[in-house]
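As provided, run-v1.cif (mmCIF, C-alpha atoms and all ligand atoms) reads as follows.
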```cif
data_coords
loop_
_atom_site.label_atom_id
_atom_site.label_comp_id
_atom_site.auth_asym_id
_atom_site.auth_seq_id
_atom_site.Cartn_x
_atom_site.Cartn_y
_atom_site.Cartn_z
CA MET A 901 6.73 -45.69 141.39
CA ASN A 902 6.65 -42.81 138.97
CA GLY A 903 5.87 -39.91 141.28
CA GLY A 904 6.39 -36.57 139.63
CA ARG A 905 6.30 -37.67 135.99
CA PHE A 906 3.86 -35.98 133.69
CA PHE A 907 3.27 -36.10 129.96
CA ASN A 908 1.93 -32.53 129.91
CA ARG A 909 2.72 -30.95 133.27
CA GLN A 910 1.15 -27.62 132.38
CA ALA A 911 -2.24 -29.10 131.42
CA GLU A 912 -2.24 -31.72 134.20
CA THR A 913 -1.55 -29.25 137.01
CA LEU A 914 -3.69 -26.24 135.99
CA SER A 915 -5.10 -24.36 138.95
CA ARG A 916 -8.71 -25.21 139.72
CA ARG A 917 -9.76 -21.75 138.64
CA GLU A 918 -8.08 -22.14 135.27
CA LEU A 919 -9.42 -25.65 134.86
CA GLU A 920 -12.99 -24.54 135.58
CA MET A 921 -12.63 -21.74 133.06
CA VAL A 922 -11.35 -24.19 130.46
CA ARG A 923 -14.23 -26.55 131.30
CA ASP A 924 -16.94 -23.91 131.01
CA ARG A 925 -15.43 -22.59 127.78
CA GLY A 926 -15.48 -26.19 126.48
CA ILE A 927 -19.12 -26.62 127.49
CA ARG A 928 -20.12 -23.41 125.68
CA TRP A 929 -18.18 -24.39 122.58
CA SER A 930 -19.52 -27.95 122.51
CA VAL A 931 -23.19 -26.99 122.93
CA LYS A 932 -22.92 -24.35 120.21
CA HIS A 933 -21.02 -26.72 117.92
CA ALA A 934 -23.57 -29.52 118.35
CA TYR A 935 -26.52 -27.12 117.93
CA GLU A 936 -25.19 -25.48 114.80
CA ASN A 937 -23.84 -28.56 113.08
CA ASN A 938 -25.98 -31.52 114.12
CA GLU A 939 -29.67 -31.87 113.42
CA PHE A 940 -30.39 -34.28 116.26
CA TYR A 941 -28.97 -31.93 118.89
CA ARG A 942 -30.52 -28.84 117.34
CA ARG A 943 -33.98 -30.46 117.54
CA ARG A 944 -33.35 -31.73 121.06
CA LEU A 945 -32.48 -28.25 122.30
CA GLN A 946 -35.32 -26.63 120.39
CA GLN A 947 -37.80 -29.10 121.91
CA VAL A 948 -36.95 -27.82 125.39
CA GLY A 949 -36.56 -24.21 124.26
CA VAL A 950 -32.85 -23.96 125.03
CA ARG A 951 -30.56 -21.86 122.85
CA PRO A 952 -26.76 -22.32 122.98
CA GLU A 953 -26.36 -18.90 124.64
CA ASP A 954 -28.48 -20.16 127.57
CA VAL A 955 -25.72 -22.62 128.52
CA LYS A 956 -22.78 -20.76 130.04
CA THR A 957 -21.54 -23.01 132.85
CA ALA A 958 -21.57 -26.64 133.92
CA ASP A 959 -24.71 -26.02 136.01
CA ASP A 960 -26.57 -24.73 132.94
CA LEU A 961 -25.96 -28.06 131.18
CA ARG A 962 -28.82 -29.52 133.19
CA LYS A 963 -31.23 -27.61 130.97
CA ILE A 964 -30.30 -30.03 128.18
CA PRO A 965 -31.94 -33.48 127.99
CA PHE A 966 -29.78 -36.61 128.31
CA THR A 967 -28.43 -38.46 125.30
CA THR A 968 -28.92 -42.22 125.62
CA LYS A 969 -27.37 -45.23 123.96
CA ASP A 970 -30.66 -45.72 122.08
CA ASP A 971 -30.42 -42.15 120.74
CA LEU A 972 -26.96 -42.90 119.38
CA ARG A 973 -28.12 -46.18 117.88
CA SER A 974 -30.98 -44.37 116.14
CA LEU A 975 -28.37 -42.06 114.57
CA TYR A 976 -26.35 -44.93 113.09
CA PRO A 977 -24.31 -44.52 110.97
CA TYR A 978 -23.76 -40.82 110.21
CA GLY A 979 -26.49 -39.03 112.19
CA ILE A 980 -24.16 -38.04 115.04
CA LEU A 981 -21.76 -36.10 112.80
CA ALA A 982 -21.15 -32.40 113.38
CA VAL A 983 -18.51 -32.03 110.65
CA PRO A 984 -18.53 -32.75 106.89
CA ARG A 985 -17.87 -36.41 106.04
CA THR A 986 -14.68 -35.37 104.24
CA SER A 987 -13.15 -34.11 107.54
CA LEU A 988 -13.28 -37.60 109.02
CA LEU A 989 -10.13 -39.65 109.37
CA GLU A 990 -11.32 -42.62 111.38
CA VAL A 991 -14.31 -44.41 112.87
CA HIS A 992 -14.54 -46.86 115.77
CA ALA A 993 -17.47 -48.87 117.09
CA THR A 994 -18.62 -50.52 120.30
CA SER A 995 -18.84 -54.29 120.19
CA GLY A 996 -22.61 -54.01 119.73
CA THR A 997 -23.35 -57.19 121.66
CA THR A 998 -26.80 -55.79 122.40
CA GLY A 999 -27.71 -54.76 118.85
CA VAL A 1000 -26.66 -51.90 116.59
CA PRO A 1001 -23.19 -50.64 117.59
CA THR A 1002 -22.63 -47.05 118.67
CA LEU A 1003 -19.89 -45.14 116.91
CA GLY A 1004 -17.16 -42.63 117.51
CA PHE A 1005 -15.80 -40.55 114.61
CA TYR A 1006 -12.54 -38.63 114.59
CA THR A 1007 -11.17 -35.57 112.83
CA GLN A 1008 -7.41 -34.89 112.92
CA ASN A 1009 -7.94 -32.78 116.04
CA ASP A 1010 -10.00 -35.55 117.68
CA LEU A 1011 -7.19 -38.05 117.05
CA ASP A 1012 -4.66 -35.58 118.49
CA VAL A 1013 -6.77 -35.15 121.63
CA TRP A 1014 -7.17 -38.92 121.99
CA GLY A 1015 -3.41 -39.40 121.67
CA GLU A 1016 -2.81 -36.62 124.20
CA VAL A 1017 -5.14 -37.99 126.91
CA SER A 1018 -3.92 -41.52 126.28
CA ALA A 1019 -0.28 -40.34 126.58
CA ARG A 1020 -1.04 -38.51 129.84
CA SER A 1021 -2.71 -41.69 131.15
CA LEU A 1022 0.13 -43.98 130.08
CA VAL A 1023 2.79 -41.73 131.63
CA MET A 1024 0.66 -41.61 134.77
CA SER A 1025 0.85 -45.43 134.68
CA GLY A 1026 4.63 -45.28 134.55
CA LEU A 1027 5.35 -45.43 130.80
CA THR A 1028 8.63 -43.81 129.75
CA LYS A 1029 10.60 -43.64 126.49
CA GLU A 1030 12.79 -46.46 127.79
CA ASP A 1031 9.88 -48.88 128.06
CA ILE A 1032 8.86 -51.70 125.75
CA LEU A 1033 5.07 -51.66 125.67
CA GLN A 1034 3.04 -54.66 124.53
CA ILE A 1035 -0.44 -53.64 123.36
CA THR A 1036 -2.73 -56.67 123.60
CA PRO A 1037 -6.22 -55.20 122.97
CA SER A 1038 -7.34 -55.65 119.37
CA PHE A 1039 -6.56 -53.18 116.62
CA GLY A 1040 -9.82 -52.79 114.75
CA MET A 1041 -13.20 -51.22 115.32
CA PHE A 1042 -12.62 -51.65 119.08
CA THR A 1043 -10.85 -48.55 120.44
CA GLY A 1044 -8.48 -50.50 122.70
CA GLY A 1045 -5.49 -51.18 120.47
CA PHE A 1046 -5.36 -47.82 118.68
CA GLY A 1047 -6.02 -45.81 121.84
CA PHE A 1048 -2.92 -47.17 123.53
CA TYR A 1049 -0.97 -46.96 120.29
CA TYR A 1050 -1.65 -43.25 119.72
CA GLY A 1051 -0.68 -42.47 123.31
CA ALA A 1052 2.48 -44.57 123.30
CA ARG A 1053 3.61 -43.00 120.00
CA LYS A 1054 3.49 -39.58 121.64
CA VAL A 1055 5.50 -40.83 124.62
CA GLY A 1056 8.07 -42.43 122.35
CA ALA A 1057 8.19 -45.88 123.92
CA MET A 1058 8.89 -48.96 121.82
CA ILE A 1059 5.59 -50.58 120.88
CA ILE A 1060 4.86 -54.28 120.31
CA PRO A 1061 1.41 -54.10 118.69
CA THR A 1062 0.40 -57.73 119.14
CA GLY A 1063 -3.34 -57.04 119.27
CA ALA A 1064 -5.71 -59.63 120.70
CA GLY A 1065 -5.41 -63.39 121.03
CA PHE A 1066 -2.60 -65.88 120.45
CA SER A 1067 -1.79 -65.95 124.14
CA ARG A 1068 1.20 -68.30 123.93
CA ARG A 1069 2.78 -66.11 121.30
CA GLN A 1070 2.11 -63.05 123.48
CA ILE A 1071 4.11 -64.65 126.29
CA GLN A 1072 6.87 -65.68 123.90
CA TYR A 1073 7.17 -62.08 122.61
CA MET A 1074 7.34 -60.82 126.19
CA LEU A 1075 10.31 -63.10 126.79
CA ASP A 1076 12.01 -62.47 123.44
CA PHE A 1077 11.67 -58.68 123.34
CA GLY A 1078 11.90 -58.04 127.07
CA THR A 1079 8.50 -56.34 127.38
CA THR A 1080 8.47 -54.04 130.44
CA MET A 1081 4.86 -52.88 130.36
CA VAL A 1082 1.63 -54.39 129.10
CA CYS A 1083 -1.84 -53.05 128.36
CA ALA A 1084 -4.87 -55.31 128.21
CA VAL A 1085 -8.57 -55.77 128.75
CA VAL A 1086 -8.89 -56.81 132.39
CA SER A 1087 -9.95 -60.42 131.77
CA TYR A 1088 -7.14 -60.85 129.25
CA ILE A 1089 -4.35 -60.28 131.76
CA LEU A 1090 -5.92 -63.12 133.76
CA ARG A 1091 -5.77 -65.29 130.64
CA LEU A 1092 -2.14 -64.28 129.99
CA THR A 1093 -1.23 -65.15 133.57
CA GLU A 1094 -2.67 -68.65 133.16
CA THR A 1095 -1.04 -69.12 129.77
CA ALA A 1096 2.38 -68.16 131.14
CA LEU A 1097 2.05 -70.68 133.96
CA GLU A 1098 0.89 -73.39 131.51
CA MET A 1099 4.05 -72.72 129.50
CA GLY A 1100 6.19 -73.09 132.60
CA VAL A 1101 6.87 -69.34 132.65
CA ASP A 1102 6.67 -67.60 136.01
CA PRO A 1103 5.69 -64.01 135.17
CA ARG A 1104 7.46 -62.67 138.29
CA ARG A 1105 10.71 -64.45 137.71
CA ASP A 1106 10.94 -64.93 133.96
CA THR A 1107 9.52 -61.74 132.46
CA LYS A 1108 10.56 -58.09 132.77
CA VAL A 1109 6.95 -56.86 132.85
CA ARG A 1110 6.64 -54.66 135.95
CA LYS A 1111 3.91 -52.23 134.93
CA GLY A 1112 0.47 -52.85 133.50
CA VAL A 1113 -2.51 -50.76 132.56
CA PHE A 1114 -5.89 -52.43 132.23
CA GLY A 1115 -9.43 -51.37 131.48
CA SER A 1116 -12.66 -51.97 129.62
CA GLU A 1117 -14.17 -54.14 132.35
CA MET A 1118 -15.15 -53.73 135.98
CA TRP A 1119 -12.63 -55.23 138.39
CA THR A 1120 -12.27 -55.16 142.12
CA LYS A 1121 -9.23 -54.26 144.21
CA GLU A 1122 -9.03 -57.92 145.21
CA MET A 1123 -8.60 -58.87 141.55
CA LYS A 1124 -5.96 -56.14 141.06
CA LYS A 1125 -4.04 -57.52 144.01
CA ARG A 1126 -4.02 -61.01 142.46
CA VAL A 1127 -2.63 -59.67 139.17
CA ALA A 1128 -0.07 -57.46 140.92
CA GLU A 1129 1.21 -60.43 142.89
CA ALA A 1130 1.31 -62.85 139.97
CA TRP A 1131 3.53 -60.46 137.94
CA ASP A 1132 5.19 -58.42 140.69
CA MET A 1133 3.65 -55.56 138.78
CA ASP A 1134 2.29 -52.09 139.52
CA VAL A 1135 -1.30 -52.30 138.27
CA TYR A 1136 -3.07 -49.25 136.79
CA ASP A 1137 -6.68 -48.76 135.86
CA ILE A 1138 -7.60 -46.86 132.68
CA TYR A 1139 -11.07 -45.68 131.73
CA GLY A 1140 -12.74 -44.60 128.51
CA PHE A 1141 -15.16 -45.68 125.83
CA THR A 1142 -15.83 -45.24 122.13
CA GLU A 1143 -18.48 -42.50 122.36
CA LEU A 1144 -15.91 -40.17 124.04
CA CYS A 1145 -12.77 -41.40 122.21
CA GLY A 1146 -11.53 -44.67 123.75
CA PRO A 1147 -9.11 -45.55 126.57
CA GLY A 1148 -7.52 -42.46 128.17
CA VAL A 1149 -10.52 -40.51 129.46
CA ALA A 1150 -9.39 -41.15 133.06
CA ASN A 1151 -6.61 -43.10 134.77
CA ASP A 1152 -5.32 -43.75 138.26
CA CYS A 1153 -2.01 -42.31 139.47
CA TYR A 1154 0.62 -44.14 141.53
CA LEU A 1155 -1.35 -43.44 144.70
CA HIS A 1156 -4.14 -45.69 143.37
CA ASP A 1157 -6.94 -43.67 144.91
CA GLY A 1158 -9.44 -43.05 142.11
CA LEU A 1159 -9.13 -42.13 138.43
CA HIS A 1160 -8.07 -38.61 137.37
CA LEU A 1161 -10.59 -37.47 134.76
CA TRP A 1162 -9.13 -35.18 132.06
CA GLU A 1163 -11.42 -32.29 132.80
CA ASP A 1164 -10.12 -30.09 130.01
CA HIS A 1165 -11.69 -32.52 127.50
CA PHE A 1166 -14.55 -34.27 129.33
CA TYR A 1167 -17.15 -33.18 131.85
CA ALA A 1168 -18.78 -35.77 134.12
CA GLU A 1169 -21.99 -35.65 136.11
CA VAL A 1170 -23.41 -38.41 138.30
CA VAL A 1171 -27.15 -39.09 138.34
CA ASP A 1172 -29.54 -41.53 139.92
CA PRO A 1173 -29.97 -44.20 137.22
CA LYS A 1174 -33.70 -44.47 137.95
CA THR A 1175 -34.73 -40.82 138.18
CA GLY A 1176 -31.96 -39.02 136.29
CA GLU A 1177 -31.66 -36.56 139.19
CA PRO A 1178 -28.16 -35.50 140.30
CA VAL A 1179 -26.86 -37.38 143.35
CA GLU A 1180 -24.86 -35.90 146.23
CA MET A 1181 -21.09 -35.47 145.88
CA GLU A 1182 -19.28 -38.81 146.43
CA GLU A 1183 -22.56 -40.71 146.12
CA LYS A 1184 -22.62 -43.50 143.55
CA GLY A 1185 -24.73 -43.24 140.44
CA GLU A 1186 -24.66 -43.39 136.66
CA LEU A 1187 -21.92 -41.39 134.95
CA VAL A 1188 -23.08 -38.83 132.39
CA PHE A 1189 -20.47 -37.32 130.06
CA THR A 1190 -20.25 -34.24 127.88
CA THR A 1191 -17.36 -33.88 125.44
CA LEU A 1192 -15.69 -30.46 125.55
CA THR A 1193 -13.43 -30.56 122.50
CA LYS A 1194 -14.78 -33.35 120.30
CA GLU A 1195 -15.41 -32.15 116.76
CA ALA A 1196 -16.63 -35.09 114.68
CA SER A 1197 -19.19 -36.70 117.00
CA PRO A 1198 -19.80 -34.58 120.10
CA VAL A 1199 -22.01 -35.93 122.88
CA LEU A 1200 -23.99 -33.81 125.33
CA ARG A 1201 -24.97 -35.36 128.65
CA TYR A 1202 -24.45 -38.93 127.48
CA ARG A 1203 -25.66 -41.57 129.93
CA CYS A 1204 -22.93 -44.16 129.61
CA ARG A 1205 -24.46 -46.77 132.01
CA ASP A 1206 -21.27 -47.04 134.10
CA ILE A 1207 -21.66 -46.73 137.86
CA SER A 1208 -19.20 -44.61 139.83
CA TYR A 1209 -18.94 -41.35 141.75
CA VAL A 1210 -16.97 -38.10 141.70
CA TYR A 1211 -14.46 -37.31 144.46
CA ASP A 1212 -15.20 -34.27 146.56
CA SER A 1213 -11.58 -33.55 147.38
CA ILE A 1214 -9.52 -31.98 144.62
CA SER A 1215 -6.00 -32.30 145.90
CA CYS A 1216 -3.98 -35.39 145.14
CA ASP A 1217 -0.38 -35.82 146.27
CA CYS A 1218 0.67 -36.69 142.71
CA GLY A 1219 0.23 -32.99 141.88
CA ARG A 1220 -2.55 -33.39 139.33
CA THR A 1221 -5.48 -31.05 139.79
CA HIS A 1222 -8.00 -32.95 137.67
CA ARG A 1223 -10.87 -34.28 139.74
CA ARG A 1224 -11.02 -38.00 140.39
CA LEU A 1225 -13.73 -40.55 139.63
CA GLY A 1226 -14.21 -43.58 141.82
CA TYR A 1227 -13.25 -46.92 140.29
CA ILE A 1228 -16.08 -48.21 138.13
CA SER A 1229 -18.14 -50.61 140.20
CA GLY A 1230 -20.20 -51.97 137.32
CA ARG A 1231 -22.71 -51.06 134.67
CA VAL A 1232 -26.36 -50.24 135.20
CA ASP A 1233 -27.13 -53.29 133.04
CA ASP A 1234 -24.98 -55.60 135.18
CA MET A 1235 -27.18 -55.29 138.22
CA ILE A 1236 -29.06 -58.53 138.74
CA LYS A 1237 -32.50 -58.21 140.25
CA VAL A 1238 -33.36 -61.35 142.17
CA SER A 1239 -36.65 -61.56 144.05
CA GLY A 1240 -36.54 -57.83 144.75
CA VAL A 1241 -32.88 -57.77 145.81
CA SER A 1242 -30.15 -56.13 143.70
CA ILE A 1243 -26.92 -58.07 143.24
CA TRP A 1244 -23.78 -56.48 141.80
CA PRO A 1245 -21.21 -58.83 140.26
CA SER A 1246 -18.47 -56.69 141.84
CA ALA A 1247 -19.78 -57.59 145.31
CA VAL A 1248 -19.59 -61.29 144.44
CA GLU A 1249 -16.06 -60.88 143.06
CA SER A 1250 -14.88 -59.06 146.18
CA VAL A 1251 -16.05 -61.94 148.37
CA LEU A 1252 -14.67 -64.74 146.20
CA LEU A 1253 -11.20 -63.29 145.74
CA LYS A 1254 -10.67 -62.98 149.46
CA TYR A 1255 -10.29 -66.76 149.47
CA PRO A 1256 -6.82 -67.92 148.40
CA GLU A 1257 -8.32 -71.38 147.83
CA LEU A 1258 -10.18 -69.95 144.81
CA GLY A 1259 -8.90 -68.97 141.36
CA VAL A 1260 -9.84 -65.72 139.63
CA GLU A 1261 -12.59 -66.98 137.31
CA TYR A 1262 -16.20 -67.28 138.34
CA GLN A 1263 -19.68 -67.19 136.90
CA ILE A 1264 -23.00 -66.05 138.32
CA ILE A 1265 -25.93 -68.06 136.97
CA VAL A 1266 -29.46 -66.80 137.52
CA SER A 1267 -32.43 -69.07 136.80
CA ARG A 1268 -36.08 -69.38 137.65
CA GLU A 1269 -37.29 -72.62 139.12
CA GLU A 1270 -40.79 -73.30 140.41
CA GLY A 1271 -41.60 -69.62 140.32
CA ARG A 1272 -38.52 -68.60 142.36
CA ASP A 1273 -35.36 -66.85 141.26
CA ARG A 1274 -32.23 -68.81 142.04
CA VAL A 1275 -28.66 -67.60 141.98
CA LYS A 1276 -25.75 -69.96 141.67
CA VAL A 1277 -22.16 -68.79 141.93
CA VAL A 1278 -19.74 -71.14 140.18
CA ALA A 1279 -16.19 -70.61 141.44
CA GLU A 1280 -13.00 -72.30 140.34
CA LEU A 1281 -10.61 -73.77 142.84
CA ASN A 1282 -7.08 -72.38 142.78
CA LYS A 1283 -4.66 -74.67 140.99
CA ASP A 1284 -1.98 -73.95 143.57
CA ALA A 1285 -4.17 -74.42 146.61
CA LYS A 1286 -3.14 -77.22 148.93
CA THR A 1287 -5.75 -79.79 149.91
CA VAL A 1288 -9.09 -78.08 150.26
CA ASP A 1289 -12.05 -79.26 152.31
CA ALA A 1290 -14.53 -78.44 149.55
CA ALA A 1291 -17.68 -78.98 151.58
CA ARG A 1292 -16.50 -76.68 154.34
CA LEU A 1293 -15.27 -74.03 151.92
CA ARG A 1294 -18.59 -74.08 150.11
CA LYS A 1295 -20.50 -73.59 153.33
CA LYS A 1296 -18.27 -70.70 154.37
CA LEU A 1297 -18.63 -69.03 150.98
CA GLU A 1298 -22.41 -69.36 151.04
CA GLU A 1299 -22.53 -67.74 154.48
CA ASP A 1300 -20.16 -64.96 153.45
CA LEU A 1301 -22.07 -64.24 150.23
CA ARG A 1302 -25.42 -64.27 152.03
CA GLU A 1303 -24.12 -61.71 154.47
CA THR A 1304 -22.77 -59.43 151.73
CA LEU A 1305 -25.59 -59.79 149.20
CA MET A 1306 -28.45 -59.99 151.70
CA THR A 1307 -29.88 -62.97 149.86
CA GLY A 1308 -29.12 -66.67 149.72
CA VAL A 1309 -27.07 -68.04 146.86
CA GLU A 1310 -25.86 -71.51 146.07
CA VAL A 1311 -22.15 -72.04 145.56
CA GLN A 1312 -20.68 -74.64 143.25
CA LEU A 1313 -16.94 -75.28 143.32
CA VAL A 1314 -15.36 -76.56 140.13
CA GLU A 1315 -11.93 -77.80 139.12
CA PRO A 1316 -9.19 -75.26 138.29
CA LEU A 1317 -9.34 -73.92 134.71
CA SER A 1318 -12.69 -75.56 133.95
CA LEU A 1319 -14.75 -72.43 133.20
CA GLN A 1320 -14.65 -71.20 129.63
CA ARG A 1321 -12.07 -68.49 128.86
CA GLN A 1322 -12.38 -65.62 126.43
CA GLU A 1323 -9.45 -65.31 124.04
CA VAL A 1324 -10.74 -62.03 122.56
CA GLY A 1325 -13.25 -59.58 124.01
CA LYS A 1326 -14.87 -59.26 127.37
CA ALA A 1327 -15.50 -61.96 129.97
CA LYS A 1328 -19.05 -63.28 130.36
CA ARG A 1329 -19.47 -63.57 134.11
CA VAL A 1330 -23.26 -63.30 134.43
CA VAL A 1331 -25.56 -65.82 132.78
CA ASP A 1332 -29.23 -64.94 133.20
CA MET A 1333 -31.37 -67.86 132.05
CA ARG A 1334 -34.66 -66.23 133.03
CA SER A 1335 -36.01 -64.66 129.79
ZN ZN B 1401 -3.09 -38.39 141.72
#
```
Spit out the file's structure as structure tokens when you get a sec.
Amino acid sequence: MNGGRFFNRQAETLSRRELEMVRDRGIRWSVKHAYENNEFYRRRLQQVGVRPEDVKTADDLRKIPFTTKDDLRSLYPYGILAVPRTSLLEVHATSGTTGVPTLGFYTQNDLDVWGEVSARSLVMSGLTKEDILQITPSFGMFTGGFGFYYGARKVGAMIIPTGAGFSRRQIQYMLDFGTTMVCAVVSYILRLTETALEMGVDPRRDTKVRKGVFGSEMWTKEMKKRVAEAWDMDVYDIYGFTELCGPGVANDCYLHDGLHLWEDHFYAEVVDPKTGEPVEMEEKGELVFTTLTKEASPVLRYRCRDISYVYDSISCDCGRTHRRLGYISGRVDDMIKVSGVSIWPSAVESVLLKYPELGVEYQIIVSREEGRDRVKVVAELNKDAKTVDAARLRKKLEEDLRETLMTGVEVQLVEPLSLQRQEVGKAKRVVDMRS
């Protein structure tokens, strides 16, 4: 528990009135900055007849059209800039698995802001100067490694910048250096857990790691519970992506009830992914972000494809006044449409992980046979499970999944550790063989 610790108490506990003033000032600045210094945004605003002075508050932002991932791709590489090239210090890129990557550029001020929000998030996750922090996301075009690094430098903790991969060596460093906290892509902490056990290392007993902060992928509370138990660890969830800065945009506090969004730097709306219309407070939809302080590559109303909601209630017992986002339940693109029914991988994960007989890895395979969509869920048995009646378990899982998903799926149980693991990057849990 780290109740009461802040990296920047003043900024994290601003009164709502002050915070809303800071937010609206940021919106005005950002719209004017983008309009005056970026051709794409100037044209966009001119097309709908909006001048910067027409946007005074968060509500006025709705006059501005959305920015999409395709817009940003069309601006590759330098079209998103709103500062001279010579003011840039750094660039990062999304993994670009679906084509041209989207980019984030940074001035000195942008790097300072990124370090600040990352530091606030890490301290919220329990990081102190006394900690030894192992940073396992890669240091490269991916924002993971550097995002944690810039934050941890501000906090003053000792950093072990291992970067991605080499799982056995990661575990060895944890033992040798006495790592107390770890950051990772969600699927990678699962990999590290397995690697430790393969090496005969019990993370609970043999390591000093008691805090962890994980992000970059959707994960359910059932999965968090598994990780927390395997390491006897307090598990935190961090949110962010390249187009805003990287990890550190939002983070959950020790009460683990939603992610505090740093509202002095980012403004979030939630819209219906189909119509683009705003949804009701606390209703789920697609997150849309506007940067409030970003100089190099500002984004206005960027549809980030992540699905979540905004909390209605402001107060949180941790003392922070920044509004909370719900935990990310998936991406718009993750939704699987099967014979008219929508299936979210998070719903499948929630069901599977309720069964102690199952491990943490699974795959959802969608195919089309004889004109019908078929869904198969491949789940690994738990290595530590006692004798399992596989036929009975399968039948129970199929019933449980049918009830949750409102459609029939086939379940296949496989041996422990038989699904392919990702050493670097994100897990591939959905395989759609239809197109
Ligand atoms: Zn809180």
_Within 6 Å of (-17.3, -70.1, 141.4) in the file's own coordinates, which protein, DNA or RNA residues have an atom, counting all atoms listed in the file? List them as a list of chain:residue names._
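Result, sorted by chain then residue number: A:Tyr1262, A:Gln1263, A:Val1277, A:Val1278, A:Ala1279, A:Glu1280, A:Gln1312, A:Leu1313.
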Resulting file, chosen residues, C-alpha atoms, as a PDB file, keeping the file's coordinate frame:
```
ATOM      1  CA  TYR A1262     -16.200 -67.280 138.340  1.00  0.00           C
ATOM      2  CA  GLN A1263     -19.680 -67.190 136.900  1.00  0.00           C
ATOM      3  CA  VAL A1277     -22.160 -68.790 141.930  1.00  0.00           C
ATOM      4  CA  VAL A1278     -19.740 -71.140 140.180  1.00  0.00           C
ATOM      5  CA  ALA A1279     -16.190 -70.610 141.440  1.00  0.00           C
ATOM      6  CA  GLU A1280     -13.000 -72.300 140.340  1.00  0.00           C
ATOM      7  CA  GLN A1312     -20.680 -74.640 143.250  1.00  0.00           C
ATOM      8  CA  LEU A1313     -16.940 -75.280 143.320  1.00  0.00           C
TER       9      LEU A1313
END
```
Please report as a tab-separated table every residue of region 1010-1119 of chain A lying within 12 Å of region 968-991 of chain A, along with the nearest atom pair and their distance in Å (one decimal), using all atoms listed in the file.
```
residue	atom	partner	partner_atom	distance
A:Asp1010	CA	A:Leu989	CA	9.3
A:Leu1011	CA	A:Glu990	CA	8.4
A:Asp1012	CA	A:Leu989	CA	11.4
A:Trp1014	CA	A:Glu990	CA	12.0
A:Gly1040	CA	A:Val991	CA	9.7
A:Met1041	CA	A:Val991	CA	7.3
A:Phe1042	CA	A:Val991	CA	9.7
A:Thr1043	CA	A:Val991	CA	9.3
A:Phe1046	CA	A:Glu990	CA	10.8
```
Show me which residues are within 12 Å of ligand ZN 1401 (chain B) counting only C-alpha atoms and all ligand atoms, and format the list as a short mmCIF file (atom, residue, chain, number, x, y, z; two decimals) with C-alpha atoms, in the coordinates of the input.
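Output below, filename out.cif:
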```cif
data_model
loop_
_atom_site.label_atom_id
_atom_site.label_comp_id
_atom_site.auth_asym_id
_atom_site.auth_seq_id
_atom_site.Cartn_x
_atom_site.Cartn_y
_atom_site.Cartn_z
CA ASN A 902 6.65 -42.81 138.97
CA GLY A 903 5.87 -39.91 141.28
CA GLY A 904 6.39 -36.57 139.63
CA ARG A 905 6.30 -37.67 135.99
CA PHE A 906 3.86 -35.98 133.69
CA GLU A 912 -2.24 -31.72 134.20
CA THR A 913 -1.55 -29.25 137.01
CA SER A 1021 -2.71 -41.69 131.15
CA MET A 1024 0.66 -41.61 134.77
CA SER A 1025 0.85 -45.43 134.68
CA TYR A 1136 -3.07 -49.25 136.79
CA ALA A 1150 -9.39 -41.15 133.06
CA ASN A 1151 -6.61 -43.10 134.77
CA ASP A 1152 -5.32 -43.75 138.26
CA CYS A 1153 -2.01 -42.31 139.47
CA TYR A 1154 0.62 -44.14 141.53
CA LEU A 1155 -1.35 -43.44 144.70
CA HIS A 1156 -4.14 -45.69 143.37
CA ASP A 1157 -6.94 -43.67 144.91
CA GLY A 1158 -9.44 -43.05 142.11
CA LEU A 1159 -9.13 -42.13 138.43
CA HIS A 1160 -8.07 -38.61 137.37
CA LEU A 1161 -10.59 -37.47 134.76
CA TRP A 1162 -9.13 -35.18 132.06
CA TYR A 1211 -14.46 -37.31 144.46
CA SER A 1213 -11.58 -33.55 147.38
CA ILE A 1214 -9.52 -31.98 144.62
CA SER A 1215 -6.00 -32.30 145.90
CA CYS A 1216 -3.98 -35.39 145.14
CA ASP A 1217 -0.38 -35.82 146.27
CA CYS A 1218 0.67 -36.69 142.71
CA GLY A 1219 0.23 -32.99 141.88
CA ARG A 1220 -2.55 -33.39 139.33
CA THR A 1221 -5.48 -31.05 139.79
CA HIS A 1222 -8.00 -32.95 137.67
CA ARG A 1223 -10.87 -34.28 139.74
CA ARG A 1224 -11.02 -38.00 140.39
CA LEU A 1225 -13.73 -40.55 139.63
#
```
*Test item: residues at most 10 Å from Gly1185 (chain A), all atoms listed in the file, excluding those fewer than 6 positions along its chain, as a VMD selection string*: chain A and resid 1169 to 1174 1176 to 1179 1205 to 1210 1229 1231 to 1232
*Counting all atoms listed in the file, figure out which residue out of A:Pro1001, A:Glu1183, A:Phe966, A:Ser915 gets nearest to Asp1212 (chain A).*
A:Glu1183
_Length of the CA of Thr1307 (chain A) to CA of Asp1234 (chain A) vector [Å]_ =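 For CA of Thr1307 (chain A) relative to CA of Asp1234 (chain A), the distance reads 17.1 Å.
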*Would you mind reading off the distance between CA of Met1123 (chain A) and CA of Gly1259 (chain A), one decimal, in Å?*
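Interatomic distance, CA of Met1123 (chain A) to CA of Gly1259 (chain A): 10.1 Å.
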*Find the residues around Val1013 (chain A) up to 12 Å (only C-alpha atoms counted), leave out those fewer than 2 positions away in its own chain, and share them as an NGL selection string.*
:A and (1006-1011 or 1015-1020 or 1047 or 1050-1051 or 1054 or 1144-1149 or 1162 or 1164-1166 or 1191-1195)
*Given the choices A:His933, A:Arg1105, A:Arg1274, A:Lys1254, which gets closest to Arg1126 (chain A) if the distance is worked out from all atoms listed in the file?*
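Ranked by minimum distance to Arg1126 (chain A), first place goes to A:Lys1254.
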